[in-house]
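Visitor: Sharing start-v2.txt, compact mmCIF, C-alpha atoms and all ligand atoms:
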```txt
# COMPACT_ATOMS: atom_id res chain seq x y z
CA MET A 1199 143.33 83.74 79.95
CA THR A 1200 141.36 80.56 80.24
CA LYS A 1201 140.16 78.24 77.50
CA LYS A 1202 136.65 78.77 78.73
CA PHE A 1203 136.99 82.48 78.11
CA LEU A 1204 138.20 81.86 74.54
CA ILE A 1205 135.31 79.52 73.82
CA SER A 1206 132.75 81.93 75.18
CA LEU A 1207 134.28 84.68 73.03
CA PHE A 1208 133.99 82.46 69.99
CA LEU A 1209 130.35 81.72 70.73
CA LEU A 1210 129.67 85.41 71.18
CA PHE A 1211 131.12 86.25 67.76
CA SER A 1212 129.35 83.34 66.14
CA TYR A 1213 126.12 84.75 67.47
CA PHE A 1214 126.77 87.96 65.58
CA GLY A 1215 127.46 86.04 62.38
CA ILE A 1216 131.11 86.96 62.29
CA PHE A 1217 133.51 84.11 61.78
CA SER A 1218 136.32 85.00 64.15
CA TRP A 1219 138.56 83.71 66.84
CA GLY A 1220 139.13 85.82 69.85
CA ILE A 1221 142.41 86.59 71.47
CA VAL A 1222 143.24 88.47 74.66
CA LEU A 1223 146.52 90.36 74.61
CA THR A 1224 147.91 90.02 78.16
CA PHE A 1225 151.50 91.18 77.50
CA ASP A 1226 152.52 88.41 79.91
CA ASP A 1227 153.90 86.15 77.18
CA ILE A 1228 156.69 88.47 76.00
CA THR A 1229 159.27 88.21 78.75
CA THR A 1230 159.91 87.14 82.30
CA SER A 1231 162.47 89.88 82.94
CA GLN A 1232 161.72 91.58 86.21
CA ASN A 1233 161.53 95.33 86.54
CA ALA A 1234 161.93 95.58 82.77
CA VAL A 1235 160.41 97.53 79.92
CA GLY A 1236 160.75 97.16 76.13
CA HIS A 1237 159.08 97.69 72.77
CA ILE A 1238 156.22 95.40 71.82
CA SER A 1239 157.42 93.86 68.57
CA SER A 1240 155.44 93.87 65.39
CA ASN A 1241 153.01 90.95 64.91
CA TYR A 1242 152.42 90.45 68.61
CA ASN A 1243 149.81 87.66 68.51
CA GLY A 1244 148.78 88.93 65.08
CA PHE A 1245 148.56 92.61 65.97
CA ASN A 1246 150.65 95.75 65.81
CA LEU A 1247 150.37 98.17 68.70
CA THR A 1248 151.81 101.55 67.81
CA THR A 1249 151.21 105.20 68.58
CA ASP A 1250 150.19 108.01 66.30
CA THR A 1251 153.74 109.27 66.70
CA ASN A 1252 154.58 106.06 64.82
CA GLN A 1253 156.38 104.21 67.59
CA ALA A 1254 155.68 100.83 69.13
CA MET A 1255 153.95 100.68 72.47
CA ASP A 1256 156.00 99.22 75.33
CA TRP A 1257 155.47 96.15 77.47
CA ILE A 1258 156.36 96.86 81.10
CA ASP A 1259 156.56 95.04 84.43
CA THR A 1260 154.03 96.81 86.65
CA VAL A 1261 153.84 94.22 89.44
CA GLY A 1262 156.65 94.06 91.94
CA SER A 1263 158.67 96.60 90.03
CA SER A 1264 159.70 100.27 90.07
CA TRP A 1265 156.36 101.05 88.43
CA PRO A 1266 153.80 99.63 90.87
CA TYR A 1267 150.66 100.35 88.92
CA GLY A 1268 149.41 96.77 89.04
CA SER A 1269 147.86 94.68 86.28
CA VAL A 1270 144.75 92.76 85.35
CA SER A 1271 146.70 89.64 84.37
CA GLY A 1272 150.19 88.52 85.25
CA GLU A 1273 152.93 91.03 85.94
CA TYR A 1274 153.03 92.85 82.63
CA THR A 1275 150.93 95.53 80.96
CA ALA A 1276 151.30 97.76 77.88
CA LEU A 1277 152.40 101.37 78.14
CA ASN A 1278 152.07 104.32 75.82
CA ASN A 1279 155.16 106.28 76.68
CA TYR A 1280 155.67 108.20 73.43
CA GLY A 1281 152.90 110.76 73.23
CA GLY A 1282 149.70 110.74 71.27
CA ASN A 1283 147.19 107.93 71.08
CA ALA A 1284 147.51 104.21 70.61
CA ILE A 1285 146.75 102.63 67.23
CA ILE A 1286 145.98 98.92 66.96
CA ARG A 1287 145.85 97.12 63.63
CA ALA A 1288 145.99 93.50 62.58
CA TYR A 1289 149.50 92.60 61.42
CA ASN A 1290 148.22 91.28 58.08
CA GLY A 1291 145.85 94.22 57.60
CA SER A 1292 142.76 92.06 58.03
CA THR A 1293 139.66 93.14 59.87
CA PHE A 1294 138.95 92.46 63.51
CA THR A 1295 136.55 93.27 66.30
CA PHE A 1296 137.17 94.86 69.66
CA SER A 1297 135.51 93.42 72.77
CA SER A 1298 137.10 95.18 75.69
CA VAL A 1299 140.27 96.51 77.26
CA TYR A 1300 141.37 97.32 80.77
CA ALA A 1301 143.12 100.65 81.24
CA ARG A 1302 144.35 103.12 83.81
CA ILE A 1303 146.27 106.31 83.86
CA TRP A 1304 150.06 106.31 84.45
CA GLY A 1305 150.63 108.12 87.70
CA THR A 1306 147.75 110.14 89.10
CA GLY A 1307 144.81 112.17 87.83
CA SER A 1308 141.75 111.54 85.74
CA ARG A 1309 140.64 112.41 82.20
CA SER A 1310 137.82 111.76 79.75
CA VAL A 1311 138.89 109.57 76.86
CA SER A 1312 137.43 107.79 73.87
CA ILE A 1313 138.00 104.66 71.84
CA VAL A 1314 137.19 104.84 68.12
CA GLY A 1315 136.95 102.00 65.62
CA TYR A 1316 137.68 102.67 61.96
CA ARG A 1317 136.95 100.82 58.79
CA SER A 1318 138.58 101.93 55.55
CA GLY A 1319 139.38 105.28 57.14
CA SER A 1320 135.89 106.00 58.43
CA SER A 1321 134.78 105.91 62.02
CA VAL A 1322 132.36 103.01 62.51
CA TRP A 1323 132.12 102.83 66.29
CA SER A 1324 133.19 104.82 69.34
CA GLY A 1325 132.89 104.76 73.09
CA SER A 1326 133.56 107.31 75.86
CA TYR A 1327 135.21 106.49 79.18
CA THR A 1328 136.93 107.96 82.16
CA LEU A 1329 140.59 107.08 82.61
CA ASP A 1330 141.85 107.28 86.18
CA THR A 1331 144.08 105.43 88.61
CA ILE A 1332 141.87 102.32 88.85
CA TRP A 1333 142.12 99.43 86.36
CA ARG A 1334 138.72 99.76 84.65
CA ASN A 1335 137.16 97.61 81.98
CA PHE A 1336 136.24 99.61 78.85
CA ALA A 1337 133.73 97.64 76.81
CA GLY A 1338 133.83 97.66 73.03
CA ASN A 1339 131.39 96.24 70.50
CA SER A 1340 132.26 92.79 69.22
CA SER A 1341 129.78 92.98 66.32
CA VAL A 1342 131.42 95.95 64.62
CA VAL A 1343 134.16 95.01 62.18
CA LEU A 1344 137.19 97.29 62.16
CA ASP A 1345 140.54 97.56 60.53
CA GLU A 1346 141.91 100.08 63.02
CA LEU A 1347 141.29 100.77 66.68
CA ARG A 1348 142.39 104.03 68.27
CA LEU A 1349 142.73 104.46 72.02
CA ASN A 1350 142.45 108.23 72.31
CA PHE A 1351 143.87 108.19 75.82
CA SER A 1352 146.68 110.74 75.35
CA ASN A 1353 150.15 110.00 76.59
CA HIS A 1354 151.09 107.91 79.61
CA PHE A 1355 148.51 105.24 80.10
CA LEU A 1356 148.57 101.52 80.71
CA ILE A 1357 146.39 98.83 79.19
CA ASP A 1358 145.97 95.13 79.88
CA ASN A 1359 143.88 92.23 78.60
CA LEU A 1360 143.01 93.82 75.27
CA ALA A 1361 140.34 91.49 73.83
CA LEU A 1362 140.25 91.40 70.04
CA SER A 1363 139.08 88.96 67.40
CA GLU A 1364 140.47 88.69 63.93
CA VAL A 1365 137.65 88.40 61.46
CA THR A 1366 138.05 85.64 58.95
CA SER A 1367 136.15 87.07 56.04
CA SER A 1368 134.72 84.74 53.44
CA PRO A 1369 133.05 85.85 50.22
CA ALA A 1370 129.87 84.19 48.99
CA LEU A 1371 128.41 84.29 45.50
CA SER A 1372 124.76 85.01 44.88
CA ALA A 1373 123.60 85.19 41.28
CA SER A 1374 120.22 84.94 39.66
CA ASN A 1375 118.89 83.62 36.38
CA THR A 1376 117.52 86.08 33.87
CA ASN A 1377 114.33 85.96 31.85
CA PHE A 1378 113.93 88.28 28.88
CA GLY A 1379 110.23 87.51 28.77
CA ASN A 1380 108.38 87.72 25.47
CA VAL A 1381 110.34 89.39 22.69
CA ARG A 1382 108.99 90.14 19.24
CA VAL A 1383 110.80 88.18 16.53
CA GLY A 1384 112.92 90.64 14.57
CA SER A 1385 113.56 92.86 17.57
CA SER A 1386 115.80 92.64 20.62
CA ALA A 1387 115.57 92.91 24.38
CA THR A 1388 118.24 93.28 27.02
CA ALA A 1389 118.48 91.82 30.50
CA SER A 1390 121.21 91.66 33.07
CA VAL A 1391 122.84 88.99 35.15
CA THR A 1392 123.68 90.32 38.61
CA VAL A 1393 126.17 88.81 41.02
CA THR A 1394 126.35 89.88 44.66
CA ASN A 1395 128.88 89.25 47.39
CA THR A 1396 126.67 87.89 50.17
CA GLY A 1397 129.72 86.89 52.19
CA THR A 1398 130.98 88.24 55.46
CA SER A 1399 132.14 91.74 56.18
CA GLY A 1400 135.61 92.42 54.92
CA SER A 1401 135.42 89.78 52.24
CA THR A 1402 136.11 90.36 48.58
CA LEU A 1403 134.37 88.33 45.92
CA THR A 1404 136.30 88.19 42.68
CA GLY A 1405 135.47 86.37 39.48
CA ASN A 1406 134.12 86.50 35.97
CA ILE A 1407 130.75 86.50 34.26
CA GLY A 1408 131.05 84.54 31.04
CA PRO A 1409 129.53 85.05 27.60
CA ALA A 1410 126.22 83.71 26.36
CA SER A 1411 126.11 80.96 23.75
CA GLY A 1412 123.80 80.48 20.82
CA SER A 1413 123.06 82.72 17.86
CA GLU A 1414 120.12 84.45 19.52
CA PHE A 1415 122.04 85.74 22.54
CA SER A 1416 124.93 88.15 22.82
CA PRO A 1417 127.64 88.95 23.79
CA ALA A 1418 128.81 85.53 22.69
CA SER A 1419 132.42 86.02 23.72
CA GLY A 1420 134.53 87.64 26.38
CA SER A 1421 134.22 87.70 30.13
CA GLN A 1422 133.41 90.50 32.51
CA SER A 1423 135.40 90.52 35.70
CA PHE A 1424 134.18 91.70 39.08
CA SER A 1425 135.67 92.48 42.48
CA LEU A 1426 133.03 93.06 45.14
CA SER A 1427 133.12 93.84 48.82
CA GLN A 1428 130.29 92.67 51.06
CA ASN A 1429 126.81 93.33 49.61
CA GLN A 1430 128.20 94.92 46.47
CA SER A 1431 126.81 93.80 43.12
CA ALA A 1432 127.95 93.75 39.53
CA SER A 1433 125.90 93.19 36.40
CA ARG A 1434 126.51 92.08 32.85
CA THR A 1435 123.93 92.90 30.22
CA TYR A 1436 122.88 90.49 27.51
CA THR A 1437 120.79 90.91 24.40
CA TYR A 1438 118.22 88.42 23.15
CA THR A 1439 117.19 88.57 19.50
CA PRO A 1440 114.81 85.70 18.75
CA SER A 1441 114.99 84.50 15.17
CA ALA A 1442 111.70 82.62 15.32
CA ARG A 1443 108.73 82.06 17.57
CA GLY A 1444 109.28 79.80 20.58
CA ALA A 1445 111.21 79.49 23.80
CA ASP A 1446 114.97 79.84 23.93
CA SER A 1447 117.57 79.47 26.62
CA THR A 1448 121.29 79.71 27.06
CA THR A 1449 123.76 79.25 29.86
CA VAL A 1450 126.11 81.81 31.34
CA SER A 1451 128.82 80.58 33.67
CA VAL A 1452 129.96 82.61 36.64
CA THR A 1453 133.26 81.73 38.27
CA SER A 1454 134.44 83.22 41.55
CA ASN A 1455 136.76 82.75 44.49
CA ALA A 1456 133.73 81.48 46.43
CA THR A 1457 131.67 79.16 44.25
CA ASN A 1458 131.04 78.72 40.53
CA THR A 1459 127.59 78.60 39.07
CA ASN A 1460 125.77 78.36 35.77
CA LEU A 1461 122.94 80.77 35.14
CA THR A 1462 120.15 80.25 32.67
CA LEU A 1463 118.99 83.03 30.39
CA THR A 1464 115.53 82.40 29.00
CA GLY A 1465 113.31 84.21 26.57
CA THR A 1466 110.45 83.55 24.23
CA GLY A 1467 110.15 84.73 20.66
CA VAL A 1468 106.63 85.86 19.81
CA SER A 1469 105.34 87.17 16.51
CA PRO A 1470 102.31 87.89 14.39
CA VAL A 1471 101.68 85.15 11.83
CA TYR A 1472 100.49 86.05 8.34
CA ALA A 1473 97.67 84.12 6.74
CA SER A 1474 95.49 84.98 3.75
CA SER A 1475 92.40 83.63 1.99
CA VAL A 1476 94.60 82.79 -0.98
CA ALA A 1477 97.87 81.30 0.15
CA PRO A 1478 100.80 83.68 -0.23
CA GLY A 1479 102.99 82.75 -3.21
CA SER A 1480 100.11 81.27 -5.16
CA THR A 1481 98.10 82.62 -8.08
CA ILE A 1482 94.95 84.71 -8.08
CA ASP A 1483 93.34 83.85 -11.39
CA PHE A 1484 90.75 86.32 -12.69
CA GLY A 1485 89.81 84.14 -15.67
CA THR A 1486 88.64 85.70 -18.94
CA VAL A 1487 88.07 89.44 -18.99
CA ASP A 1488 86.05 90.90 -21.81
CA LYS A 1489 86.75 94.29 -23.22
CA ASP A 1490 85.51 97.05 -20.92
CA GLN A 1491 84.84 94.48 -18.21
CA THR A 1492 86.23 94.74 -14.64
CA ILE A 1493 86.55 91.67 -12.46
CA THR A 1494 87.19 92.06 -8.74
CA GLN A 1495 88.44 89.51 -6.23
CA ALA A 1496 88.62 89.91 -2.46
CA LEU A 1497 91.72 89.02 -0.52
CA THR A 1498 91.45 88.55 3.24
CA ILE A 1499 94.53 88.77 5.41
CA GLN A 1500 94.54 87.50 8.99
CA ASN A 1501 96.91 87.63 11.93
CA ALA A 1502 96.90 83.93 12.82
CA THR A 1503 99.48 84.01 15.59
CA PRO A 1504 99.20 81.08 18.01
CA ASP A 1505 100.76 83.30 20.68
CA ALA A 1506 98.61 85.13 23.18
CA ASP A 1507 97.42 88.59 22.23
CA LEU A 1508 100.47 90.48 23.45
CA GLY A 1509 99.63 93.82 21.92
CA ASN A 1510 102.48 95.30 19.96
CA LEU A 1511 104.52 92.14 20.41
CA THR A 1512 102.05 90.17 18.31
CA ASN A 1513 100.30 92.87 16.30
CA MET A 1514 100.77 92.79 12.53
CA THR A 1515 100.95 95.92 10.42
CA LEU A 1516 100.05 95.83 6.72
CA LEU A 1517 102.45 98.49 5.53
CA SER A 1518 101.73 98.52 1.82
CA ALA A 1519 100.07 96.69 -1.05
CA THR A 1520 101.42 97.28 -4.55
CA ILE A 1521 101.07 95.78 -8.00
CA SER A 1522 104.09 95.40 -10.25
CA GLY A 1523 105.05 93.58 -13.41
CA GLN A 1524 104.63 94.22 -17.16
CA ASP A 1525 100.83 94.17 -17.07
CA ALA A 1526 100.46 96.04 -13.77
CA SER A 1527 98.39 98.77 -15.44
CA TYR A 1528 95.52 96.30 -15.98
CA PHE A 1529 95.21 95.64 -12.23
CA SER A 1530 94.24 97.87 -9.35
CA ILE A 1531 93.81 97.70 -5.57
CA SER A 1532 90.90 99.13 -3.62
CA GLY A 1533 89.95 99.22 0.02
CA PHE A 1534 93.52 98.87 1.27
CA THR A 1535 94.65 101.23 4.00
CA PRO A 1536 98.43 101.31 4.50
CA GLY A 1537 99.33 100.93 8.16
CA THR A 1538 96.36 98.73 9.05
CA VAL A 1539 97.21 96.92 12.30
CA LEU A 1540 95.79 93.48 12.97
CA SER A 1541 95.89 92.11 16.51
CA LYS A 1542 95.69 88.36 17.18
CA ASN A 1543 92.92 86.79 15.05
CA GLY A 1544 92.16 90.16 13.47
CA SER A 1545 91.45 90.11 9.75
CA PHE A 1546 91.23 92.64 6.96
CA GLN A 1547 89.68 92.38 3.51
CA PHE A 1548 90.57 94.42 0.44
CA PHE A 1549 90.07 94.04 -3.29
CA VAL A 1550 92.12 93.49 -6.39
CA SER A 1551 90.54 94.24 -9.75
CA VAL A 1552 91.47 93.68 -13.36
CA SER A 1553 90.06 95.81 -16.22
CA ASN A 1554 90.33 95.22 -19.92
CA PRO A 1555 90.39 98.46 -21.98
CA ASP A 1556 91.68 97.05 -25.28
CA TYR A 1557 91.14 94.48 -28.00
CA TYR A 1558 94.07 92.13 -27.51
CA ILE A 1559 93.76 88.48 -26.74
CA MET A 1560 96.41 88.09 -24.12
CA ASN A 1561 97.34 86.56 -20.80
CA ARG A 1562 98.00 89.44 -18.39
CA TYR A 1563 100.43 88.92 -15.55
CA ALA A 1564 101.27 91.06 -12.55
CA THR A 1565 102.48 90.62 -9.00
CA LEU A 1566 100.67 91.76 -5.87
CA THR A 1567 103.11 92.50 -3.06
CA ILE A 1568 102.10 92.94 0.58
CA VAL A 1569 104.74 94.38 2.89
CA THR A 1570 104.25 93.56 6.58
CA ASP A 1571 106.15 93.95 9.83
CA VAL A 1572 106.20 90.20 10.48
CA ASN A 1573 109.75 89.28 11.65
CA ALA A 1574 110.50 92.93 12.33
CA ALA A 1575 109.85 95.52 14.99
CA LEU A 1576 106.31 96.86 14.98
CA GLY A 1577 105.78 99.14 12.01
CA VAL A 1578 109.14 98.29 10.42
CA ALA A 1579 109.23 96.51 7.07
CA GLY A 1580 109.73 92.80 7.54
CA ASN A 1581 108.26 89.84 5.69
CA VAL A 1582 106.91 90.44 2.18
CA TYR A 1583 104.15 88.26 0.69
CA THR A 1584 103.48 88.07 -3.04
CA TYR A 1585 100.69 86.74 -5.23
CA GLN A 1586 100.76 86.11 -8.96
CA LEU A 1587 97.86 87.88 -10.68
CA VAL A 1588 96.64 86.31 -13.93
CA ALA A 1589 93.86 87.37 -16.31
CA TYR A 1590 93.00 86.48 -19.89
CA THR A 1591 91.86 89.52 -21.83
CA VAL A 1592 89.71 89.18 -24.95
CA PRO A 1593 88.31 91.87 -27.32
CA GLU A 1594 84.61 90.89 -27.16
CA PRO A 1595 82.25 88.97 -24.95
CA SER A 1596 83.25 85.32 -24.87
CA SER A 1597 80.51 84.09 -27.22
CA ILE A 1598 81.58 86.51 -29.97
CA ILE A 1599 85.17 85.48 -29.58
CA PHE A 1600 84.13 81.86 -30.05
CA LEU A 1601 82.28 82.76 -33.26
CA SER A 1602 85.16 84.88 -34.52
CA VAL A 1603 87.60 82.08 -33.99
CA ALA A 1604 85.26 79.65 -35.69
CA GLY A 1605 84.91 82.10 -38.62
CA LEU A 1606 88.68 82.41 -38.88
CA PHE A 1607 88.99 78.64 -39.20
CA LEU A 1608 86.37 78.68 -41.97
CA VAL A 1609 88.32 81.28 -43.97
CA ILE A 1610 91.59 79.38 -43.49
CA SER A 1611 90.02 76.12 -44.59
CA ARG A 1612 88.60 77.79 -47.76
CA PHE A 1613 91.99 79.24 -48.69
CA SER A 1614 93.71 75.92 -48.15
CA ARG A 1615 91.25 74.12 -50.51
CA LYS A 1616 92.11 76.38 -53.43
CA CA B 1701 157.45 91.91 88.39
CA CA B 1702 149.06 91.36 81.93
CA CA B 1703 114.71 80.65 18.89
```
Written as structure tokens, that's how I'd like the structure from this file.
Guide:
Amino acid sequence: MTKKFLISLFLLFSYFGIFSWGIVLTFDDITTSQNAVGHISSNYNGFNLTTDTNQAMDWIDTVGSSWPYGSVSGEYTALNNYGGNAIIRAYNGSTFTFSSVYARIWGTGSRSVSIVGYRSGSSVWSGSYTLDTIWRNFAGNSSVVLDELRLNFSNHFLIDNLALSEVTSSPALSASNTNFGNVRVGSSATASVTVTNTGTSGSTLTGNIGPASGSEFSPASGSQSFSLSQNQSASRTYTYTPSARGADSTTVSVTSNATNTNLTLTGTGVSPVYASSVAPGSTIDFGTVDKDQTITQALTIQNATPDADLGNLTNMTLLSATISGQDASYFSISGFTPGTVLSKNGSFQFFVSVSNPDYYIMNRYATLTIVTDVNAALGVAGNVYTYQLVAYTVPEPSSIIFLSVAGLFLVISRFSRK
């Protein structure tokens, strides 16, 4: 075999994207013993040549010997002398490709034969030929990766210049960043990181996908291992639970026997934002309420989210409005519809009234509570907003009260003079 031939083989395999180095098994490098025959030992130039009766093939002197069947190179060829078919595997079990072999029948005659390439036990390539008394070149396919080659030639045949290439497989890591998109504050979304072995055929990509960091992403511990043959993928799923509006990101590291990489997980928390005509937490003062008088104040609630209108992601539900506290019975709500949904910039007005049915002079206190789904999944109770309700009840119209109080002072002053 010439160097030129080796180089051209290499270029051929490079063209097919397979990183390999070709070798031609000539059987001329085993011995110089004339008129001799013997077993081809294991790991002959990286390959094992056996039969399916589990014996080694023989090397044999077929030029100038008792077996004058000729050769393609040198004086030696390989013989299957033990029945069955020939099986060729790489010594280290790695993958290889088959380019061609020369073969002829031992003795006389002719028969139809086949060569079959296997990968992980499955046939991946085959060719049909006629075996006769002439040294013929049987072409293979150097772009098909095998881990076993079977010469289904039956017993008593000779081969020479078996051209094979061991495939040096190399894994490659491909992994992509993940974006959870917009996620409503108070709810969660999941997304997966996927790693793929984009390496060569026969390669195995092994490694780990790490945890996410930061309180808004999980899982925050542990690694997920992967072992991938060519073009296989593995995924790890993460959960994003934004705690507030705004963009978030975290890093997930992927380590492998090819390369290591850091992936970025991104997401944006979006939410309705509660606003009202009287600031939540402050007091709605109804002032003085005469007996049998009802005073009504309007309260307007708005969804003031600065986010885009993202439908259910930014909609705000007013789940309930209730009045509590020791003087709750003096106050009432009207025009409120539980379950009212406000989209971005949407507003809703309802009314709170105070009535005075009795004669006491008293400050009346109650609390108005609005339950919303802000900071929760749509329709689920989240943020609660309260307002202090205050009214001053008096028994008569204000002017009469003033006179009554003035009269009371008069009486007191008269008693004190005596
Ligand atoms: Ca010889
Ligand atoms: Ca030879
Ligand atoms: Ca955040």
Visitor: Name the closest residue to Ala1387 in chain A among the candidates A:Asp1483, A:Met1514, A:Ala1575, A:Leu1277; distances are taken between atoms, counting all atoms listed in the file.
Guide: A:Ala1575
Visitor: Assuming 4 Å of padding per side, give the centre and edge lengths of the axis-aligned box around every listed atom of range 1500-1518 of chain A, in Å to one decimal and as JSON.
Guide:
```
{"center_x": 99.5, "center_y": 89.8, "center_z": 12.6, "size_x": 18.0, "size_y": 25.4, "size_z": 29.6}
```
Visitor: Suppose you want the space between CA of Phe1484 in chain A and CA of Pro1536 in chain A; what is it in Å?
Guide: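 Separation between CA of Phe1484 in chain A and CA of Pro1536 in chain A: 24.1 Å.
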Visitor: Give me, as CSV, each residue of chain A that comes within 7 Å of ligand CA 1701 (chain B), together with its shortest interatomic pair and the distance in Å at one decimal, counting all atoms listed in the file, with rows ordered by chain and rising residue number.
Guide:
```
residue,atom,partner,partner_atom,distance
A:Gln1232,CA,B:CA1701,CA,4.8
A:Asn1233,CA,B:CA1701,CA,5.6
A:Asp1259,CA,B:CA1701,CA,5.1
A:Thr1260,CA,B:CA1701,CA,6.2
A:Val1261,CA,B:CA1701,CA,4.4
A:Gly1262,CA,B:CA1701,CA,4.2
A:Ser1263,CA,B:CA1701,CA,5.1
A:Glu1273,CA,B:CA1701,CA,5.2
```
Visitor: Up to 12 Å from (95.8, 87.6, 21.7) in the file's coordinates: name the residues, counting all atoms listed in the file, as a PyMOL selection string.
Guide: chain A and resi 1468-1471+1501-1514+1540-1544
Visitor: Could you tell me, counting all atoms listed in the file, which protein and nucleic acid residues lie no more than 8 Å from ligand CA 1702 (chain B), written as a VMD selection string?
Guide: chain A and resid 1223 to 1226 1269 to 1276 1358 to 1359
Visitor: Counting only C-alpha atoms and all ligand atoms, figure out which residue out of A:Ile1531, A:Ala1389, A:Val1383, A:Val1550 gets nearest to ligand CA 1703 (chain B).
Guide: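 Of A:Ile1531, A:Ala1389, A:Val1383, A:Val1550, the one nearest ligand CA 1703 (chain B), counting only C-alpha atoms and all ligand atoms, is A:Val1383.
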Visitor: For the contact check between chain A and ligand CA 1703 (chain B), emit one row per residue of chain A within 6 Å, containing the shortest atom pair and the distance in Å rounded to one decimal, counting only C-alpha atoms and all ligand atoms, chain then rising number order, as CSV.
Guide:
```
residue,atom,partner,partner_atom,distance
A:Pro1440,CA,B:CA1703,CA,5.1
A:Ser1441,CA,B:CA1703,CA,5.4
A:Ala1442,CA,B:CA1703,CA,5.1
A:Gly1444,CA,B:CA1703,CA,5.8
A:Asp1446,CA,B:CA1703,CA,5.1
```
Visitor: Just want the 12 Å neighbourhood of range 1417-1426 of chain A, counted on only C-alpha atoms, with same-chain residues fewer than 5 positions away dropped. Output as a PyMOL selection string.
Guide: chain A and resi 1368-1372+1388-1412+1431-1439+1448-1456
Visitor: Just how far from CA of Ser1239 in chain A is CA of Ala1254 in chain A, in Å to one decimal?
Guide: 7.2 Å
Visitor: Find the residue from A:Ser1385, A:Ser1363, A:Ser1320, A:Thr1486 that sits nearest to Ile1559 in chain A; use all atoms listed in the file when measuring.
Guide: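 Looking only at the distances to Ile1559 in chain A, the closest residue turns out to be A:Thr1486.
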Visitor: Can you list every residue of range 1458-1533 of chain A that has an atom at most 10 Å from range 1588-1592 of chain A, with its nearest atom pair and the distance in Å to one decimal, using all atoms listed in the file, ordered by chain then number, as a Markdown table?
Guide:
```
| residue | atom | partner | partner_atom | distance |
| --- | --- | --- | --- | --- |
| A:Thr1481 | CA | A:Val1588 | CA | 7.1 |
| A:Ile1482 | CA | A:Val1588 | CA | 6.3 |
| A:Asp1483 | CA | A:Val1588 | CA | 4.8 |
| A:Phe1484 | CA | A:Ala1589 | CA | 4.9 |
| A:Gly1485 | CA | A:Ala1589 | CA | 5.2 |
| A:Thr1486 | CA | A:Tyr1590 | CA | 4.5 |
| A:Val1487 | CA | A:Thr1591 | CA | 4.7 |
| A:Asp1488 | CA | A:Val1592 | CA | 5.1 |
| A:Lys1489 | CA | A:Val1592 | CA | 6.2 |
| A:Asp1490 | CA | A:Val1592 | CA | 9.8 |
| A:Gln1491 | CA | A:Thr1591 | CA | 9.3 |
| A:Ile1493 | CA | A:Ala1589 | CA | 9.3 |
| A:Asp1525 | CA | A:Val1588 | CA | 9.4 |
| A:Tyr1528 | CA | A:Ala1589 | CA | 9.1 |
| A:Phe1529 | CA | A:Ala1589 | CA | 9.3 |
```
Visitor: Quick one, how far is CA of Phe1546 in chain A from CA of Ser1527 in chain A?
Guide: 24.3 Å
Visitor: A:Ser1532, A:Thr1248, A:Thr1515, A:Ser1321: which is nearest Leu1497 in chain A, counting all atoms listed in the file?
Guide: A:Ser1532
Visitor: So which residues touch Ile1285 in chain A within 9 Å, counting all atoms listed in the file, skipping near sequence neighbours fewer than 4 positions away, as a PyMOL selection string?
Guide: chain A and resi 1246-1250+1252+1346-1350
Visitor: Considering only C-alpha atoms, return as a PyMOL selection string whatever protein or nucleic-acid residues lie within 8 Å of Thr1520 in chain A, sequence-local ones (same chain, fewer than 5 positions apart) excluded.
Guide: chain A and resi 1531+1566-1568
Visitor: Looking at A:Ser1231, A:Thr1584, A:Ser1326, A:Ser1318, which one is nearest to Thr1293 in chain A, with distances taken over all atoms listed in the file?
Guide: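 Distance minimum relative to Thr1293 in chain A lands on A:Ser1318.
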